Amino acid sequence: MDGDVRKSTLEMLTFAKRLGEPTAVFVGEAAQGEAAAATLGEYGAEKVLVASDPAYSEFLVAPQAELLANLIETRQPAGVLVPATADGREIAARAAVRTGSGIITDASDIAEGFVATQSVFAGSYTVAGRVTKGTPIVAVKPNSVSPEAAAGAGAVETVDFAPSDASKTARVVSVEEKPQSGRPQLNEAAIVVSGGRGTAGDFSQVEALADALGAAVGASRAAVDAGWYPHANQVGQTGKTVSPQLYVAAGISGAIQHRAGMQTSKNIVAINKDDEAPIFELADYGVVGDLFQVLPQATEAVNAR
Ligand code: FAD
């Protein structure tokens, strides 16, 4: 909506390109759509549908869901991929209801035939599922794939669709910009450095490594419950689900509820002074040691590069 092309959109294109000829939908001003189309084309979009009705920014997600349902009905795509963000999930779910389609949420991979991989029951099982009714709609977790450049025509087509009054029932009253930490959003970040009870409330070394790596900061529930870090940063079953390229867990034991939110990360590094901490069963790399010694050394090494 702000005209920027998000990384998660490029990830959807990368998956879509593997399945067929992607069409991207851009919601925002027409001029911004033209600019965005160039980028979207570089990641495989053959067509970019630009929808510019003011209702998309004036109201909460219902008009966008109506737009998506209309595009599904009029264009009959083989399937629809949506980033599994808070808004993306809601738009996908509403569009699924409107079109009588099945939906799969929080997928971490998509294969031929829109077969989606999903981690369920707090990560105890990985299932492959396929929608059997209507147009497959799949909400895919951000960071499930690295965006890959691919040639696409990026041809702009204006969508002339006016959302109904019925969809305009929840208006955006104000938008408050959060104070910028300068760090990427937790569920979109390629790298996440998280701290747990082992930090004893001092997140300075976790933040220092995060900043050296350009990473987001995460926290275990123990750290959040203790009031050391905001709930918005909690990773896990009752927090956010992240799937970064690199997840660093410092002073986190690796309880199942924490794992549920990070175990699909591509590379997991654990720093823990207890060599029997369960997080080491999951970690690709483990450092047994005091995080207050290990993190500064890691930060120094990263900064020296
Ligand atoms: P602990 O389990 O106490 O582990 C701290 C670790 O730090 C230990 O392994 C210790 O060896 C290590 N350590 C201590 N000092 C140092 C040091 N100086 N250097 C290095 N290592 C050190 N948890 C979540 O995280 N996210 C959730 O969303 C979540 N949802 C939950 C939902 C439910 C319904 C329930 C019941 C629980 C949930 N939990 C969740 C809580 C979860 O069960 C654990 O209690 C929690 O994850 C533990 O956090 P922790 O690993 O930081 O703390």
# chains A, B, ... in the order shown; residues from 1 in each chain; ligands from 1
call {"tool": "closest_atom_pairs", "arguments": {"of": "chain A", "to": "ligand 1", "cutoff": "8 Å", "atoms": "only C-alpha atoms and all ligand atoms", "output": "Markdown table"}}
result
| residue | atom | partner | partner_atom_place_in_ligand_line | distance |
| --- | --- | --- | --- | --- |
| A:Gly195 | CA | ligand 1 | 52 (O) | 6.8 |
| A:Gly196 | CA | ligand 1 | 52 (O) | 3.2 |
| A:Arg197 | CA | ligand 1 | 52 (O) | 3.8 |
| A:Gly198 | CA | ligand 1 | 14 (C) | 3.3 |
| A:Thr199 | CA | ligand 1 | 18 (N) | 6.1 |
| A:Ala200 | CA | ligand 1 | 15 (N) | 7.1 |
| A:Ala219 | CA | ligand 1 | 25 (O) | 6.8 |
| A:Ser220 | CA | ligand 1 | 25 (O) | 3.4 |
| A:Arg221 | CA | ligand 1 | 24 (C) | 3.9 |
| A:Ala222 | CA | ligand 1 | 49 (O) | 4.2 |
| A:Ala223 | CA | ligand 1 | 52 (O) | 5.7 |
| A:Gln234 | CA | ligand 1 | 26 (N) | 6.1 |
| A:Val235 | CA | ligand 1 | 26 (N) | 5.1 |
| A:Gly236 | CA | ligand 1 | 28 (O) | 3.2 |
| A:Gln237 | CA | ligand 1 | 28 (O) | 3.8 |
| A:Thr238 | CA | ligand 1 | 28 (O) | 3.6 |
| A:Gly239 | CA | ligand 1 | 28 (O) | 4.2 |
| A:Lys240 | CA | ligand 1 | 28 (O) | 7.1 |
| A:Ala250 | CA | ligand 1 | 20 (C) | 6.1 |
| A:Gly251 | CA | ligand 1 | 7 (O) | 3.4 |
| A:Ile252 | CA | ligand 1 | 51 (O) | 3.4 |
| A:Ser253 | CA | ligand 1 | 9 (O) | 3.4 |
| A:Gly254 | CA | ligand 1 | 51 (O) | 5.4 |
| A:Ala255 | CA | ligand 1 | 47 (O) | 4.9 |
| A:Ile256 | CA | ligand 1 | 43 (O) | 6.5 |
| A:Gln257 | CA | ligand 1 | 29 (C) | 4.5 |
| A:His258 | CA | ligand 1 | 25 (O) | 3.8 |
| A:Arg259 | CA | ligand 1 | 25 (O) | 7.5 |
| A:Ala260 | CA | ligand 1 | 28 (O) | 7.7 |
| A:Gly261 | CA | ligand 1 | 28 (O) | 6.8 |
| A:Ile271 | CA | ligand 1 | 20 (C) | 5.7 |
| A:Asn272 | CA | ligand 1 | 21 (N) | 3.5 |
| A:Lys273 | CA | ligand 1 | 21 (N) | 4.3 |
| A:Asp274 | CA | ligand 1 | 11 (O) | 4.4 |
| A:Asp275 | CA | ligand 1 | 11 (O) | 7.9 |
| A:Ala277 | CA | ligand 1 | 9 (O) | 5.1 |
| A:Pro278 | CA | ligand 1 | 9 (O) | 7.6 |
| A:Ile279 | CA | ligand 1 | 9 (O) | 7.8 |
| A:Val288 | CA | ligand 1 | 20 (C) | 7.5 |
| A:Gly289 | CA | ligand 1 | 20 (C) | 5.8 |
| A:Asp290 | CA | ligand 1 | 19 (N) | 3.6 |
| A:Leu291 | CA | ligand 1 | 19 (N) | 3.8 |
| A:Phe292 | CA | ligand 1 | 18 (N) | 6.0 |
call {"tool": "write_last_selection", "arguments": {"atoms": "N, CA and C atoms", "output": "CSV table (one decimal), in the first residue's frame"}}
result
chain,number,residue,atom,x,y,z
A,195,GLY,N,16.8,-13.9,22.4
A,195,GLY,CA,17.3,-14.1,23.7
A,195,GLY,C,16.2,-14.7,24.6
A,196,GLY,N,16.7,-15.4,25.6
A,196,GLY,CA,15.7,-16.1,26.6
A,196,GLY,C,16.0,-15.7,28.0
A,197,ARG,N,15.6,-16.6,28.9
A,197,ARG,CA,15.8,-16.4,30.3
A,197,ARG,C,17.3,-16.3,30.6
A,198,GLY,N,18.1,-16.9,29.8
A,198,GLY,CA,19.6,-16.9,30.1
A,198,GLY,C,20.2,-15.5,30.0
A,199,THR,N,19.4,-14.5,29.4
A,199,THR,CA,20.0,-13.2,29.3
A,199,THR,C,19.9,-12.5,30.6
A,200,ALA,N,19.0,-13.0,31.5
A,200,ALA,CA,18.8,-12.4,32.9
A,200,ALA,C,18.3,-11.0,32.7
A,219,ALA,N,12.4,-13.1,21.2
A,219,ALA,CA,12.5,-13.4,22.6
A,219,ALA,C,11.7,-14.6,22.9
A,220,SER,N,12.1,-15.3,23.9
A,220,SER,CA,11.3,-16.5,24.4
A,220,SER,C,10.2,-15.9,25.3
A,221,ARG,N,9.2,-16.8,25.5
A,221,ARG,CA,8.1,-16.3,26.4
A,221,ARG,C,8.6,-16.0,27.8
A,222,ALA,N,9.6,-16.8,28.3
A,222,ALA,CA,10.1,-16.5,29.6
A,222,ALA,C,10.6,-15.1,29.7
A,223,ALA,N,11.3,-14.7,28.7
A,223,ALA,CA,11.9,-13.3,28.6
A,223,ALA,C,10.8,-12.3,28.5
A,234,GLN,N,7.9,-11.9,20.8
A,234,GLN,CA,7.9,-13.3,21.2
A,234,GLN,C,7.8,-14.2,20.1
A,235,VAL,N,8.7,-15.2,20.1
A,235,VAL,CA,8.7,-16.3,19.1
A,235,VAL,C,8.2,-17.5,19.7
A,236,GLY,N,7.3,-18.2,19.0
A,236,GLY,CA,6.7,-19.5,19.6
A,236,GLY,C,5.3,-19.7,19.3
A,237,GLN,N,4.8,-20.7,20.0
A,237,GLN,CA,3.4,-21.1,19.8
A,237,GLN,C,2.4,-20.0,20.1
A,238,THR,N,2.7,-19.2,21.1
A,238,THR,CA,1.8,-18.1,21.4
A,238,THR,C,2.4,-16.7,21.1
A,239,GLY,N,3.4,-16.8,20.2
A,239,GLY,CA,4.1,-15.6,19.7
A,239,GLY,C,4.1,-15.7,18.2
A,240,LYS,N,5.2,-15.2,17.6
A,240,LYS,CA,5.2,-15.2,16.2
A,240,LYS,C,5.9,-16.5,15.7
A,250,ALA,N,19.9,-17.5,21.9
A,250,ALA,CA,20.9,-17.3,23.0
A,250,ALA,C,20.2,-17.4,24.4
A,251,GLY,N,20.6,-18.3,25.2
A,251,GLY,CA,20.0,-18.5,26.5
A,251,GLY,C,18.6,-18.9,26.5
A,252,ILE,N,18.3,-19.8,25.5
A,252,ILE,CA,16.9,-20.3,25.3
A,252,ILE,C,17.1,-21.8,25.4
A,253,SER,N,16.2,-22.5,26.2
A,253,SER,CA,16.4,-23.9,26.4
A,253,SER,C,15.9,-24.8,25.2
A,254,GLY,N,14.9,-24.2,24.5
A,254,GLY,CA,14.3,-25.0,23.4
A,254,GLY,C,13.1,-25.8,23.7
A,255,ALA,N,12.2,-25.2,24.5
A,255,ALA,CA,10.9,-25.8,24.9
A,255,ALA,C,10.1,-26.0,23.6
A,256,ILE,N,9.3,-27.0,23.6
A,256,ILE,CA,8.5,-27.3,22.4
A,256,ILE,C,7.7,-26.1,21.9
A,257,GLN,N,7.2,-25.3,22.9
A,257,GLN,CA,6.4,-24.2,22.5
A,257,GLN,C,7.3,-23.1,21.8
A,258,HIS,N,8.5,-23.0,22.2
A,258,HIS,CA,9.4,-22.1,21.5
A,258,HIS,C,9.8,-22.6,20.1
A,259,ARG,N,10.1,-23.9,20.1
A,259,ARG,CA,10.4,-24.5,18.8
A,259,ARG,C,9.4,-24.4,17.7
A,260,ALA,N,8.1,-24.4,18.2
A,260,ALA,CA,7.0,-24.3,17.3
A,260,ALA,C,7.1,-23.1,16.4
A,261,GLY,N,7.7,-22.0,17.0
A,261,GLY,CA,7.8,-20.8,16.3
A,261,GLY,C,9.0,-20.6,15.4
A,271,ILE,N,23.2,-20.9,21.5
A,271,ILE,CA,24.3,-20.6,22.5
A,271,ILE,C,23.7,-20.9,23.8
A,272,ASN,N,24.2,-21.8,24.6
A,272,ASN,CA,23.7,-22.2,25.8
A,272,ASN,C,24.7,-22.7,26.7
A,273,LYS,N,24.7,-22.4,28.0
A,273,LYS,CA,25.8,-22.9,28.9
A,273,LYS,C,25.6,-24.3,29.3
A,274,ASP,N,24.3,-24.8,29.1
A,274,ASP,CA,24.0,-26.2,29.4
A,274,ASP,C,24.1,-27.1,28.2
A,275,ASP,N,25.1,-28.0,28.2
A,275,ASP,CA,25.3,-28.8,26.9
A,275,ASP,C,24.2,-29.8,26.7
A,277,ALA,N,20.9,-28.8,27.0
A,277,ALA,CA,19.7,-28.1,26.7
A,277,ALA,C,19.1,-28.6,25.4
A,278,PRO,N,17.8,-28.8,25.4
A,278,PRO,CA,17.1,-29.5,24.2
A,278,PRO,C,17.3,-28.7,22.9
A,279,ILE,N,17.6,-27.4,23.0
A,279,ILE,CA,17.8,-26.6,21.8
A,279,ILE,C,18.9,-27.2,20.9
A,288,VAL,N,28.5,-24.2,23.3
A,288,VAL,CA,28.3,-24.4,24.8
A,288,VAL,C,29.1,-23.3,25.5
A,289,GLY,N,28.4,-22.4,26.1
A,289,GLY,CA,29.1,-21.3,26.7
A,289,GLY,C,28.2,-20.2,27.2
A,290,ASP,N,28.8,-19.3,27.9
A,290,ASP,CA,28.1,-18.2,28.5
A,290,ASP,C,27.8,-17.1,27.4
A,291,LEU,N,26.5,-16.8,27.2
A,291,LEU,CA,26.1,-15.9,26.1
A,291,LEU,C,26.8,-14.5,26.2
A,292,PHE,N,27.1,-14.2,27.5
A,292,PHE,CA,27.7,-12.9,27.7
A,292,PHE,C,29.2,-12.8,27.3
call {"tool": "atom_distance", "arguments": {"atom1": "atom CA of Arg6 of chain A", "atom2": "atom CA of Pro83 of chain A"}}
result
9.9 Å
call {"tool": "residues_around", "arguments": {"residues": "segment 19-24 of chain A", "least_positions_apart": "6", "cutoff": "10 Å", "atoms": "only C-alpha atoms", "output": "ChimeraX atom specification"}}
result
/A:9-10,12-13,37,40-41,43-50,77-81,110-114,152,154-156
call {"tool": "write_last_selection", "arguments": {"atoms": "N, CA and C atoms", "output": "PDB file, in the first residue's frame"}}
result
ATOM      1  N   THR A   9       6.521 -10.524  -0.992  1.00  0.00           N
ATOM      2  CA  THR A   9       5.859 -10.595  -2.304  1.00  0.00           C
ATOM      3  C   THR A   9       6.790 -11.285  -3.312  1.00  0.00           C
ATOM      4  N   LEU A  10       8.074 -10.936  -3.244  1.00  0.00           N
ATOM      5  CA  LEU A  10       9.041 -11.558  -4.166  1.00  0.00           C
ATOM      6  C   LEU A  10       9.162 -13.058  -3.873  1.00  0.00           C
ATOM      7  N   MET A  12       6.674 -14.921  -2.837  1.00  0.00           N
ATOM      8  CA  MET A  12       5.488 -15.557  -3.445  1.00  0.00           C
ATOM      9  C   MET A  12       5.728 -15.758  -4.945  1.00  0.00           C
ATOM     10  N   LEU A  13       6.372 -14.759  -5.576  1.00  0.00           N
ATOM     11  CA  LEU A  13       6.636 -14.880  -7.015  1.00  0.00           C
ATOM     12  C   LEU A  13       7.601 -16.035  -7.292  1.00  0.00           C
ATOM     13  N   ALA A  37       5.876  -2.575 -10.877  1.00  0.00           N
ATOM     14  CA  ALA A  37       5.806  -3.629 -11.903  1.00  0.00           C
ATOM     15  C   ALA A  37       7.187  -3.987 -12.439  1.00  0.00           C
ATOM     16  N   LEU A  40       8.621  -6.316  -9.923  1.00  0.00           N
ATOM     17  CA  LEU A  40       7.878  -7.579  -9.906  1.00  0.00           C
ATOM     18  C   LEU A  40       8.217  -8.403 -11.154  1.00  0.00           C
ATOM     19  N   GLY A  41       8.390  -7.703 -12.290  1.00  0.00           N
ATOM     20  CA  GLY A  41       8.769  -8.384 -13.541  1.00  0.00           C
ATOM     21  C   GLY A  41      10.140  -9.042 -13.422  1.00  0.00           C
ATOM     22  N   TYR A  43      11.274 -10.462 -10.972  1.00  0.00           N
ATOM     23  CA  TYR A  43      11.153 -11.692 -10.173  1.00  0.00           C
ATOM     24  C   TYR A  43      10.105 -12.630 -10.758  1.00  0.00           C
ATOM     25  N   GLY A  44       9.823 -12.464 -12.027  1.00  0.00           N
ATOM     26  CA  GLY A  44       9.031 -13.481 -12.736  1.00  0.00           C
ATOM     27  C   GLY A  44       7.591 -13.137 -13.020  1.00  0.00           C
ATOM     28  N   ALA A  45       7.099 -11.966 -12.554  1.00  0.00           N
ATOM     29  CA  ALA A  45       5.680 -11.663 -12.805  1.00  0.00           C
ATOM     30  C   ALA A  45       5.468 -11.391 -14.293  1.00  0.00           C
ATOM     31  N   GLU A  46       4.606 -12.165 -14.920  1.00  0.00           N
ATOM     32  CA  GLU A  46       4.303 -11.915 -16.326  1.00  0.00           C
ATOM     33  C   GLU A  46       3.363 -10.725 -16.434  1.00  0.00           C
ATOM     34  N   LYS A  47       2.436 -10.670 -15.487  1.00  0.00           N
ATOM     35  CA  LYS A  47       1.435  -9.611 -15.504  1.00  0.00           C
ATOM     36  C   LYS A  47       1.367  -8.990 -14.113  1.00  0.00           C
ATOM     37  N   VAL A  48       1.120  -7.683 -14.068  1.00  0.00           N
ATOM     38  CA  VAL A  48       0.927  -7.016 -12.770  1.00  0.00           C
ATOM     39  C   VAL A  48      -0.434  -6.321 -12.824  1.00  0.00           C
ATOM     40  N   LEU A  49      -1.351  -6.789 -12.008  1.00  0.00           N
ATOM     41  CA  LEU A  49      -2.685  -6.203 -11.955  1.00  0.00           C
ATOM     42  C   LEU A  49      -2.656  -5.082 -10.931  1.00  0.00           C
ATOM     43  N   VAL A  50      -2.947  -3.869 -11.364  1.00  0.00           N
ATOM     44  CA  VAL A  50      -2.882  -2.722 -10.458  1.00  0.00           C
ATOM     45  C   VAL A  50      -4.298  -2.279 -10.083  1.00  0.00           C
ATOM     46  N   PRO A  77      -7.404 -18.265 -11.723  1.00  0.00           N
ATOM     47  CA  PRO A  77      -6.008 -18.711 -11.666  1.00  0.00           C
ATOM     48  C   PRO A  77      -5.916 -20.171 -11.190  1.00  0.00           C
ATOM     49  N   ALA A  78      -4.777 -20.784 -11.458  1.00  0.00           N
ATOM     50  CA  ALA A  78      -4.577 -22.173 -11.001  1.00  0.00           C
ATOM     51  C   ALA A  78      -4.514 -22.213  -9.482  1.00  0.00           C
ATOM     52  N   GLY A  79      -4.104 -21.114  -8.874  1.00  0.00           N
ATOM     53  CA  GLY A  79      -4.026 -21.037  -7.417  1.00  0.00           C
ATOM     54  C   GLY A  79      -3.604 -19.636  -7.010  1.00  0.00           C
ATOM     55  N   VAL A  80      -3.685 -19.377  -5.720  1.00  0.00           N
ATOM     56  CA  VAL A  80      -3.329 -18.052  -5.209  1.00  0.00           C
ATOM     57  C   VAL A  80      -2.370 -18.222  -4.038  1.00  0.00           C
ATOM     58  N   LEU A  81      -1.278 -17.475  -4.053  1.00  0.00           N
ATOM     59  CA  LEU A  81      -0.335 -17.476  -2.928  1.00  0.00           C
ATOM     60  C   LEU A  81      -0.364 -16.100  -2.271  1.00  0.00           C
ATOM     61  N   ILE A 110       5.835 -24.996  -1.219  1.00  0.00           N
ATOM     62  CA  ILE A 110       4.762 -25.305  -2.175  1.00  0.00           C
ATOM     63  C   ILE A 110       5.375 -26.099  -3.310  1.00  0.00           C
ATOM     64  N   ALA A 111       4.756 -27.207  -3.640  1.00  0.00           N
ATOM     65  CA  ALA A 111       5.264 -28.021  -4.745  1.00  0.00           C
ATOM     66  C   ALA A 111       4.206 -28.123  -5.835  1.00  0.00           C
ATOM     67  N   GLU A 112       4.613 -28.712  -6.952  1.00  0.00           N
ATOM     68  CA  GLU A 112       3.737 -28.981  -8.101  1.00  0.00           C
ATOM     69  C   GLU A 112       2.312 -29.338  -7.657  1.00  0.00           C
ATOM     70  N   GLY A 113       1.343 -28.777  -8.296  1.00  0.00           N
ATOM     71  CA  GLY A 113      -0.044 -29.103  -7.961  1.00  0.00           C
ATOM     72  C   GLY A 113      -0.522 -28.390  -6.699  1.00  0.00           C
ATOM     73  N   PHE A 114       0.201 -27.340  -6.305  1.00  0.00           N
ATOM     74  CA  PHE A 114      -0.143 -26.576  -5.090  1.00  0.00           C
ATOM     75  C   PHE A 114      -0.182 -27.467  -3.843  1.00  0.00           C
ATOM     76  N   GLY A 152      10.353 -11.904 -16.281  1.00  0.00           N
ATOM     77  CA  GLY A 152       8.899 -11.888 -16.499  1.00  0.00           C
ATOM     78  C   GLY A 152       8.565 -10.587 -17.206  1.00  0.00           C
ATOM     79  N   GLY A 154       6.207  -8.445 -16.734  1.00  0.00           N
ATOM     80  CA  GLY A 154       5.795  -7.352 -15.833  1.00  0.00           C
ATOM     81  C   GLY A 154       4.795  -6.398 -16.489  1.00  0.00           C
ATOM     82  N   ALA A 155       3.939  -6.932 -17.361  1.00  0.00           N
ATOM     83  CA  ALA A 155       2.987  -6.082 -18.097  1.00  0.00           C
ATOM     84  C   ALA A 155       1.883  -5.579 -17.166  1.00  0.00           C
ATOM     85  N   VAL A 156       1.729  -4.260 -17.124  1.00  0.00           N
ATOM     86  CA  VAL A 156       0.753  -3.655 -16.205  1.00  0.00           C
ATOM     87  C   VAL A 156      -0.659  -3.697 -16.799  1.00  0.00           C
TER      88      VAL A 156
END
call {"tool": "select_by_dssp", "arguments": {"residues": "segment 167-253 of chain A", "states": "alpha helix (DSSP H)", "output": "list in words"}}
result
Ser204, Gln205, Val206, Glu207, Ala208, Leu209, Ala210, Asp211, Ala212, Leu213, Arg221, Ala222, Ala223, Val224 and Asp225 of chain A
call {"tool": "closest_residue", "arguments": {"among": "A:Val172, A:Ile103, A:Val140, A:Leu209", "to": "Val302 of chain A", "atoms": "only C-alpha atoms"}}
result
A:Leu209
call {"tool": "select_by_dssp", "arguments": {"residues": "segment 90-149 of chain A", "states": "strand (DSSP E)", "output": "list in words"}}
result
Ile103, Ile104, Thr105, Asp106, Ala107, Ser108, Asp109, Ile110, Ala111, Val115, Ala116, Thr117, Gln118, Ser119, Val120, Tyr125, Thr126, Val127, Ala128, Gly129, Ile137, Val138, Ala139 and Val140 of chain A
